[in-house]
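*Asks:* Dumping the structure here so I can ask a few things about it.
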Amino acid sequence: MKSRSLVSINDYSKDEILNILDLAAGFEASPEPHLLNGKVVATLFYEPSTRTRLSFESAVSRLGGKIVGFSDSSSSSVTKGESLKDTIMTVSNYSDLIVMRHPLEGSALYASEVAKVPVINAGDGANQHPTQTLLDLYSIKKTQGSLENLNIFLVGDLKYGRTVHSLLMAMSHFKNTTFNFISPQELQMPDEYKLYLDNLGLKYYEHSDFTDIISRADIIYMTRVQRERFSDPMEYEKVKNIYVLRYSMLENTKDNLRILHPLPRVNEIHPDVDKSDKAYYFTQALNGVYTRQAIMASILGLK
Amino acid sequence: MKEVKHLSVSGIENGTVIDHIPAKNLFKVISILALEKFDNQITFGTNLESKKLGKKAIIKVAGKTFVDDDVNKIALVAPEAKLNIIKDYKVVEKYNVVVPEEIVGIAKCVNPKCITNHEQIKTKFTVIPGDEIALKCIYCEKITDQEHLNIM
Ligand SMILES: [Zn+2]
């Protein structure tokens, strides 16, 4: 069953990614309220992630499927100390597909090895969250018309942010992607990713501020800079306002620029940006529903 | 005539001699091969001079030859190790360990948040070659280097 599960964005080739994005566009253009009739999707959320869970559940409901599951680990089987394996083996009997979020890294791959039905990783600790990456790609393709020749700005915590790492890996499939990494010194993009881009011959630039270069961006992907990530709290105080996007900064930006954020945001995008046509993060969340519909339909062999 | 007492590690009639083990990793090799469970006569020598390794260790196991898959696991901590198969006190075959592409169930993943450290799962790593072999966990994708290598 392993090959049918989606554990890591690296499981999908460029063609498979493009196929999912095409399917997602199809669901956006014409909803299919009966596609999942008679199918049961289990959503096992071992840690709360309301947005991701609601997005999946909305995607299932709009395709006519049914949902079973739990939304945090205080539910009975987990608190009784049942192993992940036993829960997955049991839930496999009740469902056609398992969507799982779990705080431990590698839990999704393990679940996919023991499950009798396909597993979709909805986040395994700090490791992978591939449906987020696919919805990011769908949002980029939809707003830019293509995934090639784009200048992508990744802003904020580039050291620990798994969404930016996965997005980088996925975008590296596409021709002439240029990356601009904007982060505080302490939270720079890890060397392994820079080395990966070097080997592919893709260009990237590192900055500690982005006001001077923002006019070149096609996509600005904002992430949160968290206080707890700094060894020195003073350092955080110094930089915390540099990585906040404001409406006034958008003045000389490209028309096609769109601003993305995995949500929830805290203060890294000022609410005054919301009025700009370039603010795309709420539509991005809606795109998550189409993308997850596409992933589930593809995995279940219905598309 | 005075009898000279040889205290050095003596020869064996039949069996296997594992040579060129870094001295500091002797005990890791012992646990990888699970030698503590053997009934055979086993002799160890350690902190022996070696041009290549500085200080090396040697293991002699009487009446035993190893299966390749088993012995290649020791490449993890002794990539230069050489096996000598002994018959009638003579070396009849010599070979080097081969670094495997995958290591299953010997090492612990260094990541405390890895599922393999919380459930009853056989660990599985892909081997990253180099002077000092490192292991990439197939589950959490984190790398365990020599310094953090923990043999189960
Ligand atoms: Zn691991």
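Residue numbers start at 1 in each chain; chains themselves are named A, B, ... in the order of the structure tokens; ligands are numbered from 1 in the order shown.
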Please identify every polymer residue within 9 Å of ligand 1, using only C-alpha atoms and all ligand atoms, and present the set as a list in words.
*Replies:*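 The distance check yields Glu105 and Gly106 of chain A; Lys108, Cys109, Val110, Asn111, Pro112, Lys113, Cys114, Ile115, Thr116, Asn117, Thr123, Lys124, Phe125, Lys136, Cys137, Ile138, Tyr139, Cys140, Glu141, Lys142, Ile143 and Thr144 of chain B.
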*Asks:* Taking only C-alpha atoms into account, find every residue of chain A that has an atom no more than 7 Å from chain B, and write it out as an NGL selection string.
*Replies:* :A and (83 or 104-107 or 109-110 or 127)
*Asks:* Could you check which of B:Ala81, B:Ile58, B:Val67, B:Val91 is closest to B:Glu13, using only C-alpha atoms?
*Replies:*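 Closest residue, counting only C-alpha atoms: B:Val91.
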*Asks:* Name the residues in contact with B:Lys28 at a cut-off of 9 Å, using only C-alpha atoms, excluding same-chain residues fewer than 4 positions from it; report them as a PyMOL selection string.
*Replies:* chain B and resi 24+32-33+74+77+150-151
*Asks:* Using the chain letters and numbers from this document, which residues of stretch 60-296 of chain A does DSSP assign to alpha helix (DSSP H), as number ranges by chain?
*Replies:* A: 60-62, 76-79, 84-94, 107-114, 130-144, 162-171, 191-200, 233-239, 281-296
*Asks:* Residues at most 12 Å from stretch 47-52 of chain B, counting only C-alpha atoms, excluding those fewer than 6 positions away in the same chain, as a list in words?
*Replies:* Ser8, Val9, Asp19, His20, Ile21, Pro22, Ala23, Lys24, Asn25, Leu26, Ile58, Ile59, Glu80 and Ala81 of chain B
*Asks:* Take the residues just selected and output them with C-alpha atoms as a CSV table (one decimal), in the first residue's frame.
*Replies:*
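After the write, selection37.csv holds the following:
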chain,number,residue,atom,x,y,z
B,8,SER,CA,49.7,-12.3,23.0
B,9,VAL,CA,46.5,-13.4,21.4
B,19,ASP,CA,41.2,-7.5,12.1
B,20,HIS,CA,41.6,-3.7,11.7
B,21,ILE,CA,38.8,-2.7,14.1
B,22,PRO,CA,39.3,0.8,15.5
B,23,ALA,CA,40.2,0.1,19.2
B,24,LYS,CA,37.5,2.5,20.4
B,25,ASN,CA,34.8,0.6,18.6
B,26,LEU,CA,35.7,-2.9,19.7
B,58,ILE,CA,41.3,-7.8,16.8
B,59,ILE,CA,38.7,-10.5,17.5
B,80,GLU,CA,38.2,-1.0,7.3
B,81,ALA,CA,37.7,-4.3,9.0
*Asks:* Given the choices B:Ala62, B:Leu149, B:Leu53, B:Val92, which gets closest to B:Leu35 if the distance is worked out from only C-alpha atoms?
*Replies:* B:Ala62
